[in-house]
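Okay, query.cif is below, mmCIF, C-alpha atoms:
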```
data_structure
#
loop_
_atom_site.group_PDB
_atom_site.id
_atom_site.type_symbol
_atom_site.label_atom_id
_atom_site.label_comp_id
_atom_site.auth_asym_id
_atom_site.auth_seq_id
_atom_site.Cartn_x
_atom_site.Cartn_y
_atom_site.Cartn_z
ATOM 1 C CA MET A 238 14.518 -18.406 50.305
ATOM 2 C CA LEU A 239 15.438 -21.946 49.263
ATOM 3 C CA ALA A 240 17.866 -22.701 52.102
ATOM 4 C CA ALA A 241 15.387 -21.574 54.751
ATOM 5 C CA ALA A 242 12.570 -23.613 53.181
ATOM 6 C CA LEU A 243 14.691 -26.784 53.068
ATOM 7 C CA ALA A 244 15.978 -26.221 56.614
ATOM 8 C CA ALA A 245 12.429 -25.808 57.929
ATOM 9 C CA ASN A 246 11.644 -29.384 56.835
ATOM 10 C CA ALA A 247 15.001 -30.945 57.784
ATOM 11 C CA ASP A 248 15.633 -33.238 60.739
ATOM 12 C CA LEU A 249 19.230 -32.050 60.987
ATOM 13 C CA VAL A 250 20.807 -28.797 59.739
ATOM 14 C CA VAL A 251 24.604 -28.807 59.497
ATOM 15 C CA GLY A 252 26.847 -25.885 58.594
ATOM 16 C CA ALA A 253 30.063 -26.886 56.853
ATOM 17 C CA ASP A 254 32.507 -24.714 58.793
ATOM 18 C CA GLY A 255 32.083 -21.155 57.423
ATOM 19 C CA GLY A 256 28.752 -22.283 55.998
ATOM 20 C CA ALA A 257 27.439 -21.588 59.488
ATOM 21 C CA ASP A 258 27.900 -17.880 58.759
ATOM 22 C CA ARG A 259 25.920 -18.209 55.543
ATOM 23 C CA ALA A 260 23.157 -20.056 57.418
ATOM 24 C CA LEU A 261 22.943 -17.338 60.051
ATOM 25 C CA ALA A 262 22.807 -14.649 57.344
ATOM 26 C CA LEU A 263 19.830 -16.488 55.829
ATOM 27 C CA GLY A 264 18.081 -16.800 59.198
ATOM 28 C CA VAL A 265 18.717 -20.554 59.406
ATOM 29 C CA THR A 266 19.529 -22.136 62.768
ATOM 30 C CA VAL A 267 22.178 -24.862 62.573
ATOM 31 C CA ASP A 268 22.104 -27.958 64.748
ATOM 32 C CA ARG A 269 25.826 -28.596 64.206
ATOM 33 C CA VAL A 270 28.837 -26.881 62.669
ATOM 34 C CA VAL A 271 31.238 -29.455 61.197
ATOM 35 C CA GLY A 272 34.725 -28.999 59.755
ATOM 36 C CA ASP A 273 38.209 -27.993 60.764
ATOM 37 C CA LEU A 274 36.579 -24.778 62.061
ATOM 38 C CA ASP A 275 39.134 -22.462 60.508
ATOM 39 C CA SER A 276 36.664 -20.303 58.579
ATOM 40 C CA VAL A 277 33.665 -19.933 60.907
ATOM 41 C CA SER A 278 33.598 -16.326 62.144
ATOM 42 C CA ASP A 279 33.837 -15.118 65.711
ATOM 43 C CA ALA A 280 30.334 -13.692 65.305
ATOM 44 C CA ALA A 281 28.972 -17.144 64.397
ATOM 45 C CA ARG A 282 30.863 -18.715 67.294
ATOM 46 C CA ALA A 283 29.180 -16.230 69.615
ATOM 47 C CA ALA A 284 25.712 -16.828 68.139
ATOM 48 C CA ILE A 285 25.838 -20.645 68.109
ATOM 49 C CA PRO A 286 26.007 -22.640 71.365
ATOM 50 C CA ALA A 287 29.486 -24.114 71.897
ATOM 51 C CA GLY A 288 28.140 -27.676 72.130
ATOM 52 C CA ARG A 289 27.052 -27.545 68.492
ATOM 53 C CA PHE A 290 30.605 -27.368 67.095
ATOM 54 C CA HIS A 291 32.142 -30.625 65.863
ATOM 55 C CA ARG A 292 35.790 -30.323 64.922
ATOM 56 C CA ALA A 293 36.955 -32.709 62.190
ATOM 57 C CA PRO A 294 40.597 -31.787 61.545
ATOM 58 C CA ALA A 295 41.454 -34.174 58.653
ATOM 59 C CA LEU A 296 43.142 -32.091 55.937
ATOM 60 C CA ASP A 297 42.568 -34.660 53.177
ATOM 61 C CA LYS A 298 38.815 -33.961 53.125
ATOM 62 C CA THR A 299 36.879 -30.783 52.483
ATOM 63 C CA ASP A 300 34.550 -29.345 55.084
ATOM 64 C CA LEU A 301 31.606 -30.360 52.865
ATOM 65 C CA GLN A 302 32.803 -33.985 52.854
ATOM 66 C CA LYS A 303 33.111 -33.867 56.639
ATOM 67 C CA ALA A 304 29.638 -32.381 57.017
ATOM 68 C CA ILE A 305 28.043 -34.987 54.755
ATOM 69 C CA ALA A 306 29.896 -37.805 56.535
ATOM 70 C CA PHE A 307 28.598 -36.429 59.842
ATOM 71 C CA CYS A 308 25.031 -36.545 58.474
ATOM 72 C CA VAL A 309 25.503 -40.101 57.194
ATOM 73 C CA GLU A 310 26.822 -41.207 60.601
ATOM 74 C CA ALA A 311 23.778 -39.537 62.204
ATOM 75 C CA GLY A 312 21.537 -41.781 60.086
ATOM 76 C CA CYS A 313 20.416 -39.292 57.435
ATOM 77 C CA GLY A 314 19.253 -41.115 54.308
ATOM 78 C CA ARG A 315 18.732 -37.980 52.220
ATOM 79 C CA ILE A 316 21.042 -34.987 52.373
ATOM 80 C CA ASP A 317 20.432 -31.696 50.572
ATOM 81 C CA VAL A 318 23.441 -29.426 50.115
ATOM 82 C CA VAL A 319 22.691 -25.730 49.608
ATOM 83 C CA CYS A 320 24.911 -22.697 48.956
ATOM 84 C CA ALA A 321 27.503 -24.995 47.362
ATOM 85 C CA GLY A 322 28.750 -22.579 44.693
ATOM 86 C CA GLY A 323 30.689 -20.338 47.022
ATOM 87 C CA GLY A 324 31.228 -17.825 44.237
ATOM 88 C CA ARG A 325 34.276 -19.777 43.035
ATOM 89 C CA ALA A 326 34.367 -22.173 40.085
ATOM 90 C CA ASP A 327 36.886 -24.491 41.780
ATOM 91 C CA HIS A 328 34.733 -24.807 44.905
ATOM 92 C CA ALA A 329 31.563 -25.330 42.862
ATOM 93 C CA LEU A 330 33.128 -28.131 40.804
ATOM 94 C CA ALA A 331 34.772 -29.728 43.850
ATOM 95 C CA ASN A 332 31.437 -29.705 45.682
ATOM 96 C CA LEU A 333 29.774 -31.519 42.762
ATOM 97 C CA ALA A 334 32.626 -34.040 42.799
ATOM 98 C CA VAL A 335 31.587 -34.973 46.354
ATOM 99 C CA LEU A 336 28.305 -36.543 45.141
ATOM 100 C CA PRO A 337 29.814 -39.870 43.959
ATOM 101 C CA LEU A 338 31.783 -40.270 47.188
ATOM 102 C CA PHE A 339 28.645 -41.148 49.144
ATOM 103 C CA ARG A 340 27.119 -43.561 46.596
ATOM 104 C CA GLY A 341 25.209 -46.239 48.464
ATOM 105 C CA GLU A 342 25.427 -44.422 51.800
ATOM 106 C CA ALA A 343 22.834 -41.679 51.322
ATOM 107 C CA GLU A 344 20.959 -39.829 48.608
ATOM 108 C CA VAL A 345 22.933 -36.592 48.365
ATOM 109 C CA ARG A 346 21.735 -33.667 46.230
ATOM 110 C CA VAL A 347 23.158 -30.241 45.569
ATOM 111 C CA VAL A 348 20.189 -27.887 45.418
ATOM 112 C CA ASP A 349 20.212 -24.311 44.187
ATOM 113 C CA ASP A 350 17.671 -21.882 42.770
ATOM 114 C CA LEU A 351 17.948 -23.430 39.294
ATOM 115 C CA PHE A 352 18.665 -27.141 39.739
ATOM 116 C CA ASP A 353 18.497 -30.267 41.864
ATOM 117 C CA ILE A 354 21.777 -32.047 41.079
ATOM 118 C CA ARG A 355 22.261 -35.703 41.907
ATOM 119 C CA LEU A 356 24.322 -38.717 40.951
ATOM 120 C CA VAL A 357 22.675 -41.226 38.649
ATOM 121 C CA ASP A 358 23.260 -44.436 40.594
ATOM 122 C CA GLY A 359 22.273 -46.893 37.876
ATOM 123 C CA GLU A 360 18.943 -45.200 37.214
ATOM 124 C CA ALA A 361 17.261 -41.899 38.007
ATOM 125 C CA VAL A 362 13.699 -40.760 37.373
ATOM 126 C CA VAL A 363 12.652 -37.209 36.509
ATOM 127 C CA GLU A 364 9.020 -36.477 37.407
ATOM 128 C CA GLY A 365 8.944 -32.859 36.204
ATOM 129 C CA PRO A 366 6.404 -31.630 33.658
ATOM 130 C CA ALA A 367 7.079 -31.507 29.927
ATOM 131 C CA GLY A 368 9.673 -28.858 29.177
ATOM 132 C CA THR A 369 11.587 -29.345 32.445
ATOM 133 C CA VAL A 370 15.233 -28.634 31.657
ATOM 134 C CA VAL A 371 17.583 -31.587 32.163
ATOM 135 C CA SER A 372 21.361 -31.676 31.744
ATOM 136 C CA LEU A 373 23.679 -34.662 32.049
ATOM 137 C CA LEU A 374 27.319 -34.148 32.990
ATOM 138 C CA ALA A 375 29.812 -36.991 33.052
ATOM 139 C CA ILE A 376 32.627 -36.857 35.564
ATOM 140 C CA GLY A 377 35.213 -38.668 33.464
ATOM 141 C CA GLN A 378 33.663 -41.197 31.106
ATOM 142 C CA CYS A 379 30.229 -42.791 31.454
ATOM 143 C CA GLU A 380 29.236 -45.844 29.428
ATOM 144 C CA GLY A 381 25.799 -47.169 28.568
ATOM 145 C CA VAL A 382 23.987 -43.851 29.005
ATOM 146 C CA THR A 383 20.371 -44.450 27.955
ATOM 147 C CA THR A 384 17.485 -42.041 28.402
ATOM 148 C CA SER A 385 13.766 -42.131 27.743
ATOM 149 C CA GLY A 386 11.242 -39.332 27.873
ATOM 150 C CA LEU A 387 13.704 -36.599 26.854
ATOM 151 C CA ARG A 388 13.600 -34.519 23.690
ATOM 152 C CA TRP A 389 16.984 -35.879 22.595
ATOM 153 C CA ASP A 390 17.179 -39.424 23.936
ATOM 154 C CA LEU A 391 20.384 -41.435 24.105
ATOM 155 C CA THR A 392 20.788 -45.179 23.629
ATOM 156 C CA ASP A 393 23.812 -47.007 25.055
ATOM 157 C CA PHE A 394 25.838 -43.833 24.608
ATOM 158 C CA VAL A 395 29.371 -43.090 25.818
ATOM 159 C CA LEU A 396 29.362 -39.665 27.439
ATOM 160 C CA ASP A 397 32.630 -37.981 28.348
ATOM 161 C CA PHE A 398 33.294 -34.884 30.442
ATOM 162 C CA SER A 399 32.117 -32.407 27.821
ATOM 163 C CA PRO A 400 29.281 -29.964 27.078
ATOM 164 C CA LEU A 401 27.436 -32.623 25.056
ATOM 165 C CA GLY A 402 24.778 -33.431 27.667
ATOM 166 C CA VAL A 403 23.781 -29.839 28.444
ATOM 167 C CA HIS A 404 20.196 -28.545 28.117
ATOM 168 C CA ASN A 405 17.836 -31.305 27.151
ATOM 169 C CA GLU A 406 14.184 -31.298 28.184
ATOM 170 C CA VAL A 407 11.469 -33.647 29.386
ATOM 171 C CA VAL A 408 8.856 -34.531 26.772
ATOM 172 C CA SER A 409 7.040 -37.283 28.675
ATOM 173 C CA THR A 410 6.855 -38.012 32.378
ATOM 174 C CA PRO A 411 8.430 -39.845 34.004
ATOM 175 C CA ALA A 412 11.685 -39.422 32.110
ATOM 176 C CA VAL A 413 14.353 -41.982 32.952
ATOM 177 C CA VAL A 414 18.149 -41.752 32.848
ATOM 178 C CA ARG A 415 20.271 -44.894 33.083
ATOM 179 C CA VAL A 416 24.034 -45.397 33.167
ATOM 180 C CA ARG A 417 25.891 -48.701 33.118
ATOM 181 C CA SER A 418 29.206 -47.407 34.466
ATOM 182 C CA GLY A 419 30.800 -44.142 35.428
ATOM 183 C CA GLN A 420 29.836 -41.105 37.434
ATOM 184 C CA LEU A 421 26.967 -39.263 35.778
ATOM 185 C CA LEU A 422 25.416 -36.139 37.285
ATOM 186 C CA LEU A 423 21.783 -35.278 36.558
ATOM 187 C CA PHE A 424 20.783 -31.619 36.682
ATOM 188 C CA GLU A 425 16.986 -31.380 37.004
ATOM 189 C CA GLY A 426 15.801 -27.846 36.397
ATOM 190 C CA HIS A 427 13.230 -26.019 38.475
ATOM 191 C CA TRP A 428 11.784 -24.419 35.362
ATOM 192 C CA VAL A 429 10.197 -25.271 32.024
ATOM 193 C CA GLU A 430 11.757 -24.120 28.775
ATOM 194 C CA LYS A 431 10.398 -25.828 25.681
ATOM 195 C CA HIS A 432 12.392 -25.667 22.472
ATOM 196 C CA GLY A 433 10.591 -24.433 19.377
#
```

Show me this structure written as structure tokens.
Amino acid sequence: MLAAALAANADLVVGADGGADRALALGVTVDRVVGDLDSVSDAARAAIPAGRFHRAPALDKTDLQKAIAFCVEAGCGRIDVVCAGGGRADHALANLAVLPLFRGEAEVRVVDDLFDIRLVDGEAVVEGPAGTVVSLLAIGQCEGVTTSGLRWDLTDFVLDFSPLGVHNEVVSTPAVVRVRSGQLLLFEGHWVEKHG
């Protein structure tokens, strides 16, 4: 399973509040549980040593924000977020909206079985083989979107929050995505799907 594989190579594994339950269900041991601790189960509290709980009560931040901030403060330069969908569209979108909040502090990715999702901070490189699926999603408006190495390249394009950037593909490696301003998310697929 993806979460277990990433955790096995991580220096620090943090459960965002009730995410500790999900980690335990996947057989992943957490080093810390961070959040307001209102959704972590009694069973998880019993299974995880008490010293690993870090209460962050601020109500103006989500538990994911608190967990990422904890990792940044612990010196983590790269942070992979797994199980971020939560089965709810509002949670999934809110969790993606967290990516720009840590620009310049750490490289934060949301990783699932289909995609690695990251913020394009000026420029991003995609090393995947030809046919790797790539989608670009603007949070708000992005200006100066320029790509190279994709089937449908863009040049100094204005991309708004819309379906327009969905399902492109790598034609030559490395593919490059650049943005002059705005918050642009890059979805790099874990699979190859060449158009006819």

Problem set entry | Neighbour list for Ala295 (chain A) as a VMD selection string, cut-off 10 Å, all atoms listed in the file, skip fewer than 4 positions in-chain | chain A and resid 272 to 273 299 to 300 303

Would you save the residues from that selection as a JSON list (two decimals), in the coordinates of the input, using C-alpha atoms?
```
[["chain", "number", "residue", "atom", "x", "y", "z"],
["A", 272, "GLY", "CA", 34.72, -29.00, 59.76],
["A", 273, "ASP", "CA", 38.21, -27.99, 60.76],
["A", 299, "THR", "CA", 36.88, -30.78, 52.48],
["A", 300, "ASP", "CA", 34.55, -29.34, 55.08],
["A", 303, "LYS", "CA", 33.11, -33.87, 56.64]]
```

Problem set entry | Best match for closeness to His427 (chain A) among A:Asn332, A:Cys308, A:Leu239, A:Ala257, counting all atoms listed in the file |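 The shortest atom-to-atom distance to His427 (chain A) comes from A:Leu239.
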
How close does each residue of region 273-346 of chain A get to region 359-381 of chain A, giving the shortest atom pair and distance in Å to one decimal for every residue with an atom at most 12 Å away, counting all atoms listed in the file, sorted by chain and residue number, as a tab-separated table?
```
residue	atom	partner	partner_atom	distance
A:Leu330	CA	A:Ile376	CA	10.2
A:Ala331	CA	A:Ile376	CA	11.1
A:Leu333	CA	A:Ile376	CA	9.4
A:Ala334	CA	A:Ile376	CA	7.8
A:Val335	CA	A:Ile376	CA	11.0
A:Leu336	CA	A:Ile376	CA	10.5
A:Pro337	CA	A:Ile376	CA	9.4
A:Arg340	CA	A:Gly359	CA	10.5
A:Gly341	CA	A:Gly359	CA	11.0
A:Glu344	CA	A:Ala361	CA	11.4
```

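Of note, CA of Ala240 (chain A) and CA of Ala283 (chain A) are spaced 21.8 Å apart.
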
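Taking only C-alpha atoms into account, Ser418 (chain A) lies nearest to A:Asp358 out of the set A:Asp358, A:Asp254, A:Asp390, A:Glu430.
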
Exercise. For the file shown, what are the residues hit by the PyMOL selection byres ((chain A and resi 274) around 8), laid out as a ChimeraX atom specification?
Worked result: /A:254-255,271-273,275-277,292-293

Exercise. Of the residues A:Lys298, A:Arg259, A:Arg346, A:His291, which is the one nearest to Cys320 (chain A), using all atoms listed in the file?
Worked result: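 For Cys320 (chain A), the nearest of the candidates is A:Arg259.
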
Might you spell out which residues the PyMOL selection byres ((chain A and resi 309) around 12) would select in the displayed file, as an mmCIF file with C-alpha atoms, in the coordinates of the input?
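Written file, out.cif:
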```
data_model
loop_
_atom_site.group_PDB
_atom_site.id
_atom_site.type_symbol
_atom_site.label_atom_id
_atom_site.label_comp_id
_atom_site.auth_asym_id
_atom_site.auth_seq_id
_atom_site.Cartn_x
_atom_site.Cartn_y
_atom_site.Cartn_z
ATOM 1 C CA LEU A 249 19.230 -32.050 60.987
ATOM 2 C CA VAL A 251 24.604 -28.807 59.497
ATOM 3 C CA GLN A 302 32.803 -33.985 52.854
ATOM 4 C CA LYS A 303 33.111 -33.867 56.639
ATOM 5 C CA ALA A 304 29.638 -32.381 57.017
ATOM 6 C CA ILE A 305 28.043 -34.987 54.755
ATOM 7 C CA ALA A 306 29.896 -37.805 56.535
ATOM 8 C CA PHE A 307 28.598 -36.429 59.842
ATOM 9 C CA CYS A 308 25.031 -36.545 58.474
ATOM 10 C CA GLU A 310 26.822 -41.207 60.601
ATOM 11 C CA ALA A 311 23.778 -39.537 62.204
ATOM 12 C CA GLY A 312 21.537 -41.781 60.086
ATOM 13 C CA CYS A 313 20.416 -39.292 57.435
ATOM 14 C CA GLY A 314 19.253 -41.115 54.308
ATOM 15 C CA ARG A 315 18.732 -37.980 52.220
ATOM 16 C CA ILE A 316 21.042 -34.987 52.373
ATOM 17 C CA ASP A 317 20.432 -31.696 50.572
ATOM 18 C CA LEU A 338 31.783 -40.270 47.188
ATOM 19 C CA PHE A 339 28.645 -41.148 49.144
ATOM 20 C CA ARG A 340 27.119 -43.561 46.596
ATOM 21 C CA GLY A 341 25.209 -46.239 48.464
ATOM 22 C CA GLU A 342 25.427 -44.422 51.800
ATOM 23 C CA ALA A 343 22.834 -41.679 51.322
ATOM 24 C CA GLU A 344 20.959 -39.829 48.608
ATOM 25 C CA VAL A 345 22.933 -36.592 48.365
#
```

For this session: Please measure the separation of CA of Ala253 (chain A) and CA of Phe424 (chain A), giving the value in Å to one decimal.
Result: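 CA of Phe424 (chain A) lies at a distance of 22.7 Å from CA of Ala253 (chain A).
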
Exercise. How many Å lie between CA of Trp389 (chain A) and CA of Val429 (chain A), rounded to one decimal?
Worked result: 15.7 Å

Taking all atoms of region 260-277 of chain A that the file lists and extending 6 Å past them on each side, where is the centre of the axis-aligned box and how long are its edges? Answer in Å to one decimal, as AutoDock Vina command-line options.
```
--center_x 28.6 --center_y -22.1 --center_z 60.3 --size_x 33.1 --size_y 26.8 --size_z 20.9
```

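Shortest separation to Ala321 (chain A) among A:Asp297, A:Asp353, A:Asp393, A:Asp268 occurs at residue A:Asp353, atoms counted being all atoms listed in the file.
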
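Distance check against Arg289 (chain A) using only C-alpha atoms: of A:Gly322, A:Gly264, A:Pro400, A:Gly252, the minimum falls on A:Gly252.
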
Problem set entry | Leu391 (chain A) surroundings by only C-alpha atoms, 7 Å radius, close-in-sequence under 5 positions cut, as an NGL selection string | :A and (382-384)
